[in-house]
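**Q** I am sharing data26.tsv, which consists of TSV, C-alpha atoms and all ligand atoms:
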```
chain	number	residue	atom	x	y	z
A	260	MET	CA	3.12	-2.59	12.36
A	261	ILE	CA	3.15	-2.80	8.56
A	262	ILE	CA	6.56	-3.60	7.05
A	263	ALA	CA	6.65	-2.12	3.54
A	264	PRO	CA	9.54	-3.50	1.50
A	265	SER	CA	11.23	-0.90	-0.73
A	266	VAL	CA	12.52	-2.60	-3.85
A	267	LEU	CA	15.00	0.24	-4.48
A	268	THR	CA	17.92	-1.88	-3.28
A	269	ALA	CA	16.64	-5.07	-4.94
A	270	ASP	CA	18.04	-6.41	-8.20
A	271	PHE	CA	16.32	-4.31	-10.90
A	272	ALA	CA	17.30	-6.89	-13.53
A	273	ASP	CA	14.96	-9.26	-11.71
A	274	LEU	CA	12.42	-6.95	-10.10
A	275	GLY	CA	9.47	-9.32	-10.39
A	276	ARG	CA	11.36	-12.05	-8.56
A	277	ALA	CA	12.47	-9.62	-5.82
A	278	CYS	CA	8.89	-8.44	-5.25
A	279	GLY	CA	7.72	-12.06	-5.29
A	280	GLU	CA	10.30	-12.92	-2.62
A	281	ALA	CA	8.87	-10.19	-0.37
A	282	VAL	CA	5.29	-11.35	-0.98
A	283	ASP	CA	6.26	-14.98	-0.31
A	284	ALA	CA	7.84	-13.88	2.99
A	285	GLY	CA	4.38	-12.59	4.00
A	286	LEU	CA	4.75	-8.90	3.09
A	287	ASN	CA	1.63	-7.63	1.40
A	288	TRP	CA	2.42	-3.89	1.13
A	289	LEU	CA	5.05	-3.08	-1.56
A	290	HIS	CA	6.65	0.36	-1.47
A	291	LEU	CA	7.52	1.51	-5.01
A	292	ASP	CA	10.08	4.35	-5.15
A	293	ILE	CA	9.38	6.43	-8.25
A	294	MET	CA	12.19	8.90	-9.04
A	295	ASP	CA	12.37	11.26	-12.00
A	296	GLY	CA	16.00	12.41	-11.95
A	297	ASN	CA	14.72	15.94	-11.32
A	298	PHE	CA	13.01	16.15	-7.91
A	299	VAL	CA	15.68	13.72	-6.71
A	300	PRO	CA	19.06	12.98	-8.29
A	301	ASN	CA	18.22	9.41	-9.30
A	302	LEU	CA	15.92	7.64	-11.77
A	303	THR	CA	13.99	4.43	-11.21
A	304	PHE	CA	10.90	3.23	-13.06
A	305	GLY	CA	7.38	4.32	-13.93
A	306	PRO	CA	3.88	3.15	-14.90
A	307	PRO	CA	4.85	0.55	-17.58
A	308	VAL	CA	7.07	-1.36	-15.13
A	309	ILE	CA	4.43	-1.11	-12.39
A	310	SER	CA	1.73	-2.50	-14.64
A	311	ASN	CA	4.00	-5.44	-15.49
A	312	LEU	CA	4.65	-6.03	-11.78
A	313	ARG	CA	0.90	-6.00	-11.20
A	314	LYS	CA	0.44	-8.65	-13.89
A	315	ALA	CA	3.26	-10.74	-12.43
A	316	LEU	CA	2.08	-10.54	-8.81
A	317	GLY	CA	-1.71	-10.58	-9.25
A	318	ASP	CA	-4.25	-8.49	-7.35
A	319	GLY	CA	-3.14	-9.43	-3.81
A	320	PRO	CA	-0.31	-7.05	-2.86
A	321	ILE	CA	-0.96	-3.39	-2.06
A	322	PHE	CA	1.17	-1.20	-4.32
A	323	ASP	CA	2.27	1.95	-2.47
A	324	ALA	CA	3.72	4.51	-4.91
A	325	HIS	CA	6.13	7.00	-3.35
A	326	LEU	CA	6.23	9.67	-6.05
A	327	MET	CA	9.54	11.55	-5.93
A	328	ILE	CA	8.69	13.46	-9.09
A	329	THR	CA	8.01	17.12	-9.92
A	330	ASN	CA	4.76	16.50	-11.83
A	331	ALA	CA	2.76	14.24	-9.50
A	332	GLU	CA	-0.34	16.45	-9.83
A	333	GLU	CA	-0.42	15.91	-13.58
A	334	THR	CA	0.55	12.21	-13.67
A	335	PHE	CA	-0.73	10.41	-10.54
A	336	GLN	CA	-3.59	8.88	-12.55
A	337	GLN	CA	-1.08	6.91	-14.64
A	338	TYR	CA	0.19	5.21	-11.48
A	339	ILE	CA	-3.34	4.31	-10.39
A	340	ASP	CA	-4.09	2.97	-13.87
A	341	ALA	CA	-0.90	0.88	-13.67
A	342	GLY	CA	-2.18	-0.81	-10.52
A	343	CYS	CA	-1.16	1.35	-7.55
A	344	ASN	CA	-3.55	1.28	-4.58
A	345	HIS	CA	-1.85	4.06	-2.63
A	346	ILE	CA	-0.20	7.29	-3.82
A	347	SER	CA	2.08	9.46	-1.68
A	348	VAL	CA	3.13	12.85	-3.08
A	349	HIS	CA	5.85	15.14	-1.74
A	350	VAL	CA	4.57	18.41	-0.25
A	351	GLU	CA	7.73	20.09	-1.59
A	352	ALA	CA	6.75	19.14	-5.16
A	353	VAL	CA	3.02	19.82	-5.27
A	354	THR	CA	1.56	23.34	-5.57
A	355	HIS	CA	-2.14	22.61	-4.95
A	356	LEU	CA	-1.79	19.97	-2.25
A	357	HIS	CA	-5.40	19.83	-1.04
A	358	ARG	CA	-6.72	19.54	-4.60
A	359	CYS	CA	-4.17	16.86	-5.48
A	360	ILE	CA	-5.00	14.68	-2.43
A	361	THR	CA	-8.73	15.01	-3.05
A	362	ALA	CA	-8.27	14.04	-6.70
A	363	ILE	CA	-6.20	10.96	-5.77
A	364	ARG	CA	-8.93	9.76	-3.42
A	365	GLU	CA	-11.68	10.49	-5.95
A	366	ALA	CA	-9.72	8.36	-8.44
A	367	GLY	CA	-10.06	5.42	-6.05
A	368	ALA	CA	-6.65	5.24	-4.38
A	369	THR	CA	-5.67	6.07	-0.82
A	370	ALA	CA	-3.64	9.26	-0.45
A	371	GLY	CA	-0.56	10.28	1.47
A	372	VAL	CA	1.73	13.26	1.76
A	373	THR	CA	5.49	12.97	2.18
A	374	LEU	CA	7.81	15.33	4.05
A	375	ASN	CA	11.56	15.58	3.49
A	376	PRO	CA	13.74	15.67	6.63
A	377	GLY	CA	14.06	19.48	6.40
A	378	THR	CA	10.32	20.13	5.92
A	379	PRO	CA	8.22	21.10	8.98
A	380	ILE	CA	5.11	19.05	9.85
A	381	GLU	CA	2.65	21.98	9.52
A	382	THR	CA	1.83	21.44	5.83
A	383	ALA	CA	0.71	17.88	6.55
A	384	LEU	CA	-1.38	19.00	9.53
A	385	GLU	CA	-3.30	21.45	7.30
A	386	VAL	CA	-4.58	18.56	5.17
A	387	LEU	CA	-4.71	15.84	7.85
A	388	PRO	CA	-8.51	15.30	7.68
A	389	GLU	CA	-8.16	14.37	3.98
A	390	LEU	CA	-5.28	11.92	4.37
A	391	ASP	CA	-4.87	8.17	4.76
A	392	LEU	CA	-1.13	8.32	5.47
A	393	VAL	CA	1.72	10.71	6.23
A	394	LEU	CA	5.16	9.59	5.07
A	395	ILE	CA	8.03	11.01	7.10
A	396	MET	CA	11.39	10.77	5.32
A	397	SER	CA	14.18	9.82	7.71
A	398	VAL	CA	16.79	10.19	4.96
A	399	ASN	CA	17.03	12.68	2.11
A	400	PRO	CA	15.24	10.90	-0.74
A	401	GLY	CA	17.07	9.55	-3.74
A	402	PHE	CA	19.05	6.53	-2.62
A	403	GLY	CA	18.73	3.40	-0.53
A	404	GLY	CA	21.17	2.44	2.19
A	405	GLN	CA	21.56	5.87	3.85
A	406	SER	CA	21.77	6.53	7.60
A	407	PHE	CA	18.68	7.26	9.68
A	408	ILE	CA	18.27	10.96	10.69
A	409	PRO	CA	17.19	10.86	14.36
A	410	THR	CA	15.84	14.44	14.54
A	411	VAL	CA	12.60	13.26	12.87
A	412	GLU	CA	11.47	12.11	16.33
A	413	SER	CA	9.87	15.40	17.36
A	414	LYS	CA	8.05	15.65	14.02
A	415	ILE	CA	6.64	12.15	14.39
A	416	ARG	CA	5.55	12.73	17.98
A	417	ARG	CA	3.72	15.94	17.00
A	418	LEU	CA	2.06	14.17	14.12
A	419	LYS	CA	0.97	11.28	16.38
A	420	GLU	CA	-0.60	13.77	18.81
A	421	ALA	CA	-2.51	15.48	15.99
A	422	ILE	CA	-3.76	12.16	14.60
A	423	ASP	CA	-4.86	10.95	18.05
A	424	ALA	CA	-6.78	14.23	18.53
A	425	GLN	CA	-8.39	13.87	15.11
A	426	VAL	CA	-9.49	10.28	15.85
A	427	ALA	CA	-10.78	11.26	19.32
A	428	ALA	CA	-12.92	13.92	17.62
A	429	GLY	CA	-14.43	11.29	15.31
A	430	GLY	CA	-12.12	11.99	12.38
A	431	ARG	CA	-10.27	9.52	10.19
A	432	PRO	CA	-7.29	7.48	11.38
A	433	VAL	CA	-4.07	8.24	9.49
A	434	GLN	CA	-1.09	5.92	9.19
A	435	ILE	CA	2.36	7.24	10.05
A	436	GLN	CA	4.86	5.76	7.61
A	437	ILE	CA	8.62	6.25	7.93
A	438	ASP	CA	11.14	5.77	5.13
A	439	GLY	CA	14.91	5.61	5.22
A	440	GLY	CA	17.47	3.80	7.35
A	441	VAL	CA	14.94	1.58	9.12
A	442	LYS	CA	16.52	-1.61	10.39
A	443	ALA	CA	15.98	-4.28	13.06
A	444	HIS	CA	18.01	-2.20	15.55
A	445	ASN	CA	15.73	0.88	15.47
A	446	ILE	CA	12.29	-0.42	14.52
A	447	ALA	CA	11.02	-0.99	18.08
A	448	MET	CA	11.92	2.63	18.92
A	449	LEU	CA	9.93	3.83	15.88
A	450	ARG	CA	6.88	1.90	17.03
A	451	GLU	CA	7.18	3.59	20.42
A	452	TRP	CA	7.18	7.00	18.67
A	453	GLY	CA	3.85	6.13	17.00
A	454	VAL	CA	4.98	4.87	13.59
A	455	SER	CA	2.58	2.27	12.17
A	456	ASN	CA	4.16	1.59	8.76
A	457	CYS	CA	7.91	1.13	8.20
A	458	VAL	CA	9.51	1.18	4.77
A	459	VAL	CA	12.53	-1.13	4.78
A	460	GLY	CA	14.88	-1.30	1.78
A	461	SER	CA	18.46	-2.35	2.43
A	462	GLY	CA	17.39	-3.94	5.72
A	463	LEU	CA	15.46	-6.54	3.69
A	464	PHE	CA	17.17	-6.64	0.30
A	465	ASN	CA	20.90	-7.13	0.92
A	466	ASP	CA	23.57	-9.69	0.22
A	467	ARG	CA	23.85	-10.82	3.84
A	468	ALA	CA	20.65	-12.87	4.03
A	469	SER	CA	17.36	-13.62	2.29
A	470	VAL	CA	14.32	-11.36	2.65
A	471	ALA	CA	12.67	-14.01	4.85
A	472	GLN	CA	15.72	-14.18	7.17
A	473	ASN	CA	16.02	-10.39	7.41
A	474	LEU	CA	12.29	-10.14	8.09
A	475	ALA	CA	12.55	-12.73	10.88
A	476	GLU	CA	15.19	-10.55	12.54
A	477	ILE	CA	12.88	-7.52	12.29
A	478	HIS	CA	10.01	-9.51	13.79
A	479	ARG	CA	12.26	-10.60	16.68
A	480	ALA	CA	13.13	-6.93	17.33
A	481	LEU	CA	9.39	-6.16	17.56
A	482	GLU	CA	8.58	-9.02	20.00
B	501	LIG	C1	14.70	6.79	-0.53
B	501	LIG	C2	13.53	5.84	-0.67
B	501	LIG	C3	13.45	4.78	0.34
B	501	LIG	C4	14.70	3.98	0.52
B	501	LIG	C5	14.64	3.03	1.65
B	501	LIG	O1	14.56	7.82	-1.43
B	501	LIG	O2	12.32	6.56	-0.63
B	501	LIG	O3	12.31	3.96	0.14
B	501	LIG	O4	15.08	3.32	-0.64
B	501	LIG	O5	15.82	2.31	1.66
B	501	LIG	P1	16.64	2.05	2.99
B	501	LIG	O6	15.75	1.25	3.89
B	501	LIG	O7	17.83	1.30	2.50
B	501	LIG	O8	17.00	3.38	3.59
B	502	ZN	ZN	10.35	5.54	-0.46
```
In structure tokens, write the structure found in this file.

**A**
Amino acid sequence: MIIAPSVLTADFADLGRACGEAVDAGLNWLHLDIMDGNFVPNLTFGPPVISNLRKALGDGPIFDAHLMITNAEETFQQYIDAGCNHISVHVEAVTHLHRCITAIREAGATAGVTLNPGTPIETALEVLPELDLVLIMSVNPGFGGQSFIPTVESKIRRLKEAIDAQVAAGGRPVQIQIDGGVKAHNIAMLREWGVSNCVVGSGLFNDRASVAQNLAEIHRALE
């Protein structure tokens, strides 16, 4: 199980230190929530900040860009140039999904599609052979610290079945990533559903404990 720290609830005045704390705790996959104030009602950061984070953290960590923006098709290259290894686009925001995914992979990054809680799984299944990852939102995107929406279970189980069938037929394996409201108390259940990559924001970055202490609790829940 990959634990992908979301820095959305970290201290943005000290973002480099927050990312460094996650890396020092042993987390190598950093989930970067990119919001444009248009696709979602919040604004975060973009390529210049990411390229500074890349300089600060070196080549080691995998930068996973979750693009919650309306113009991902036109701008994904900027995120790759800034140092992102993985790009996930929202199916609700991209018109030519197949072309966009293919272009991301041709540009040298791994590609994912993201589905909002109200979006059916079918769109992702249409492009499954081209994907490295499917990101299932278990909150409505825009803010950290929201409650987990349990009805995503059936969507995840259907996706897991489709991926297993694809792999059995010799096709590519695809990660199932989940994002929103993931905590120590529900992470073992998510693994049982077939999730292989959990984004954790407020469960790691909070004022109760350090990232390392919160991560230890998550690891205990997975034992
Ligand atoms: C929501 C973001 C998530 C979120 C996760 O739009 O995509 O990455 O910040 O935070 P928690 O774990 O607090 O729900
Ligand atoms: Zn996210």

**Q** Contacts of region 437-446 of chain A at 7 Å or less, counting only C-alpha atoms, minus same-chain residues fewer than 6 places along, as a CSV table (one decimal) with C-alpha atoms, in the coordinates of the input?

**A**
```csv
chain,number,residue,atom,x,y,z
A,394,LEU,CA,5.2,9.6,5.1
A,395,ILE,CA,8.0,11.0,7.1
A,396,MET,CA,11.4,10.8,5.3
A,397,SER,CA,14.2,9.8,7.7
A,398,VAL,CA,16.8,10.2,5.0
A,404,GLY,CA,21.2,2.4,2.2
A,405,GLN,CA,21.6,5.9,3.8
A,406,SER,CA,21.8,6.5,7.6
A,407,PHE,CA,18.7,7.3,9.7
A,454,VAL,CA,5.0,4.9,13.6
A,456,ASN,CA,4.2,1.6,8.8
A,457,CYS,CA,7.9,1.1,8.2
A,458,VAL,CA,9.5,1.2,4.8
A,459,VAL,CA,12.5,-1.1,4.8
A,462,GLY,CA,17.4,-3.9,5.7
A,476,GLU,CA,15.2,-10.6,12.5
A,477,ILE,CA,12.9,-7.5,12.3
A,480,ALA,CA,13.1,-6.9,17.3
```

**Q** Which residue, A:Thr268, A:Thr369, A:Asn473, A:Gln425, has the smallest gap to ligand LIG 501 (chain B) when you use all atoms listed in the file?

**A**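 Closest residue, counting all atoms listed in the file: A:Thr268.
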
**Q** Grab me every residue within 7 Å of ligand ZN 502 (chain B), counting only C-alpha atoms and all ligand atoms, and send it over as number ranges by chain.

**A** A: 265, 290-292, 325, 438, 458

**Q** In Å to one decimal, how far is CA of Asp466 (chain A) from CA of Asp270 (chain A)?

**A** 10.6 Å

**Q** Give me the residues near region 314-316 of chain A as a PyMOL selection string, where near means some atom within 10 Å (using all atoms listed in the file) and where sequence neighbours in that chain fewer than 6 positions away do not count.

**A** chain A and resi 275-276+278-279+282+308+341-342

**Q** Point out the residue among A:Asn297, A:Thr410, A:Thr382, A:Asn375 with the least atom-to-atom distance to ligand LIG 501 (chain B), counting only C-alpha atoms and all ligand atoms.

**A**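 Among the listed residues, the smallest separation from ligand LIG 501 (chain B) belongs to A:Asn375.
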
**Q** Identify which of the residues A:Trp452, A:Phe402, A:Phe322, A:Phe464 lies closest to ligand LIG 501 (chain B), counting all atoms listed in the file when measuring atom-to-atom distances.

**A** A:Phe402

**Q** Find the residue from A:Leu356, A:Ala424, A:Ala324, A:Ala331 that sits nearest to ligand LIG 501 (chain B); use all atoms listed in the file when measuring.

**A** A:Ala324

**Q** Report as a PyMOL selection string all protein, DNA and RNA residues lying within 10 Å of Arg364 (chain A), evaluated on only C-alpha atoms, omitting residues in the same chain fewer than 6 positions from it.

**A** chain A and resi 345-346+370-371+389-391

**Q** So, counting all atoms listed in the file, which residue among A:Pro400, A:Pro409, A:Gly367, A:Pro432 is closest to ligand LIG 501 (chain B)?

**A**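 Selected residue with least distance to ligand LIG 501 (chain B): A:Pro400.
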
**Q** Please export region 398-479 of chain A as a PDB file, in the first residue's frame, restricted to C-alpha atoms.

**A**
```
ATOM      1  CA  VAL A 398     -14.809  13.587  -0.991  1.00  0.00           C
ATOM      2  CA  ASN A 399     -15.883  16.381  -3.314  1.00  0.00           C
ATOM      3  CA  PRO A 400     -12.580  17.993  -4.303  1.00  0.00           C
ATOM      4  CA  GLY A 401     -11.547  21.408  -3.094  1.00  0.00           C
ATOM      5  CA  PHE A 402     -10.723  21.120   0.582  1.00  0.00           C
ATOM      6  CA  GLY A 403      -8.855  18.924   3.026  1.00  0.00           C
ATOM      7  CA  GLY A 404     -10.388  17.559   6.201  1.00  0.00           C
ATOM      8  CA  GLN A 405     -13.773  16.473   4.779  1.00  0.00           C
ATOM      9  CA  SER A 406     -15.658  13.278   5.678  1.00  0.00           C
ATOM     10  CA  PHE A 407     -15.207  10.073   3.696  1.00  0.00           C
ATOM     11  CA  ILE A 408     -18.136   9.219   1.341  1.00  0.00           C
ATOM     12  CA  PRO A 409     -18.698   5.457   1.793  1.00  0.00           C
ATOM     13  CA  THR A 410     -20.749   4.910  -1.399  1.00  0.00           C
ATOM     14  CA  VAL A 411     -17.499   4.849  -3.423  1.00  0.00           C
ATOM     15  CA  GLU A 412     -17.151   1.189  -2.393  1.00  0.00           C
ATOM     16  CA  SER A 413     -19.129  -0.246  -5.307  1.00  0.00           C
ATOM     17  CA  LYS A 414     -17.194   1.910  -7.784  1.00  0.00           C
ATOM     18  CA  ILE A 415     -13.867   0.721  -6.401  1.00  0.00           C
ATOM     19  CA  ARG A 416     -14.913  -2.935  -6.415  1.00  0.00           C
ATOM     20  CA  ARG A 417     -16.022  -2.693 -10.068  1.00  0.00           C
ATOM     21  CA  LEU A 418     -12.785  -0.998 -10.988  1.00  0.00           C
ATOM     22  CA  LYS A 419     -10.739  -3.679  -9.184  1.00  0.00           C
ATOM     23  CA  GLU A 420     -12.585  -6.398 -11.120  1.00  0.00           C
ATOM     24  CA  ALA A 421     -11.890  -4.654 -14.436  1.00  0.00           C
ATOM     25  CA  ILE A 422      -8.193  -4.191 -13.609  1.00  0.00           C
ATOM     26  CA  ASP A 423      -7.831  -7.837 -12.519  1.00  0.00           C
ATOM     27  CA  ALA A 424      -9.432  -8.931 -15.817  1.00  0.00           C
ATOM     28  CA  GLN A 425      -7.119  -6.641 -17.786  1.00  0.00           C
ATOM     29  CA  VAL A 426      -4.018  -8.027 -16.014  1.00  0.00           C
ATOM     30  CA  ALA A 427      -5.217 -11.635 -16.462  1.00  0.00           C
ATOM     31  CA  ALA A 428      -5.497 -10.932 -20.198  1.00  0.00           C
ATOM     32  CA  GLY A 429      -1.881  -9.721 -20.279  1.00  0.00           C
ATOM     33  CA  GLY A 430      -2.706  -6.029 -20.028  1.00  0.00           C
ATOM     34  CA  ARG A 431      -1.112  -3.398 -17.832  1.00  0.00           C
ATOM     35  CA  PRO A 432      -1.600  -3.226 -14.064  1.00  0.00           C
ATOM     36  CA  VAL A 433      -3.324  -0.035 -12.893  1.00  0.00           C
ATOM     37  CA  GLN A 434      -3.095   1.439  -9.415  1.00  0.00           C
ATOM     38  CA  ILE A 435      -6.295   2.329  -7.579  1.00  0.00           C
ATOM     39  CA  GLN A 436      -5.733   5.534  -5.644  1.00  0.00           C
ATOM     40  CA  ILE A 437      -8.289   6.993  -3.238  1.00  0.00           C
ATOM     41  CA  ASP A 438      -8.375  10.593  -2.037  1.00  0.00           C
ATOM     42  CA  GLY A 439     -10.372  12.215   0.730  1.00  0.00           C
ATOM     43  CA  GLY A 440     -11.112  11.373   4.349  1.00  0.00           C
ATOM     44  CA  VAL A 441      -8.618   8.511   4.557  1.00  0.00           C
ATOM     45  CA  LYS A 442      -7.481   7.906   8.114  1.00  0.00           C
ATOM     46  CA  ALA A 443      -6.048   5.118  10.287  1.00  0.00           C
ATOM     47  CA  HIS A 444      -9.591   3.957  11.148  1.00  0.00           C
ATOM     48  CA  ASN A 445     -10.660   3.193   7.544  1.00  0.00           C
ATOM     49  CA  ILE A 446      -7.441   2.386   5.682  1.00  0.00           C
ATOM     50  CA  ALA A 447      -7.506  -1.390   6.270  1.00  0.00           C
ATOM     51  CA  MET A 448     -11.046  -1.506   4.830  1.00  0.00           C
ATOM     52  CA  LEU A 449      -9.840   0.368   1.719  1.00  0.00           C
ATOM     53  CA  ARG A 450      -7.067  -2.163   1.190  1.00  0.00           C
ATOM     54  CA  GLU A 451      -9.664  -4.930   1.371  1.00  0.00           C
ATOM     55  CA  TRP A 452     -11.681  -3.163  -1.370  1.00  0.00           C
ATOM     56  CA  GLY A 453      -8.611  -3.245  -3.651  1.00  0.00           C
ATOM     57  CA  VAL A 454      -7.131   0.219  -3.124  1.00  0.00           C
ATOM     58  CA  SER A 455      -3.338   0.228  -3.568  1.00  0.00           C
ATOM     59  CA  ASN A 456      -2.550   3.933  -3.087  1.00  0.00           C
ATOM     60  CA  CYS A 457      -4.086   6.107  -0.352  1.00  0.00           C
ATOM     61  CA  VAL A 458      -3.852   9.886  -0.335  1.00  0.00           C
ATOM     62  CA  VAL A 459      -3.767  11.103   3.268  1.00  0.00           C
ATOM     63  CA  GLY A 460      -3.919  14.825   4.080  1.00  0.00           C
ATOM     64  CA  SER A 461      -5.317  15.812   7.467  1.00  0.00           C
ATOM     65  CA  GLY A 462      -4.620  12.301   8.762  1.00  0.00           C
ATOM     66  CA  LEU A 463      -0.886  13.065   8.461  1.00  0.00           C
ATOM     67  CA  PHE A 464      -0.616  16.854   8.660  1.00  0.00           C
ATOM     68  CA  ASN A 465      -2.516  17.963  11.770  1.00  0.00           C
ATOM     69  CA  ASP A 466      -1.800  19.643  15.073  1.00  0.00           C
ATOM     70  CA  ARG A 467      -2.308  16.475  17.120  1.00  0.00           C
ATOM     71  CA  ALA A 468       0.958  14.729  16.263  1.00  0.00           C
ATOM     72  CA  SER A 469       3.933  14.734  13.904  1.00  0.00           C
ATOM     73  CA  VAL A 470       3.764  13.179  10.435  1.00  0.00           C
ATOM     74  CA  ALA A 471       5.959  10.301  11.679  1.00  0.00           C
ATOM     75  CA  GLN A 472       3.629   9.615  14.644  1.00  0.00           C
ATOM     76  CA  ASN A 473       0.494   9.773  12.485  1.00  0.00           C
ATOM     77  CA  LEU A 474       2.131   7.490   9.933  1.00  0.00           C
ATOM     78  CA  ALA A 475       3.026   4.970  12.652  1.00  0.00           C
ATOM     79  CA  GLU A 476      -0.656   4.828  13.615  1.00  0.00           C
ATOM     80  CA  ILE A 477      -1.609   4.193   9.968  1.00  0.00           C
ATOM     81  CA  HIS A 478       0.993   1.425   9.709  1.00  0.00           C
ATOM     82  CA  ARG A 479      -0.388  -0.189  12.889  1.00  0.00           C
TER      83      ARG A 479
END
```
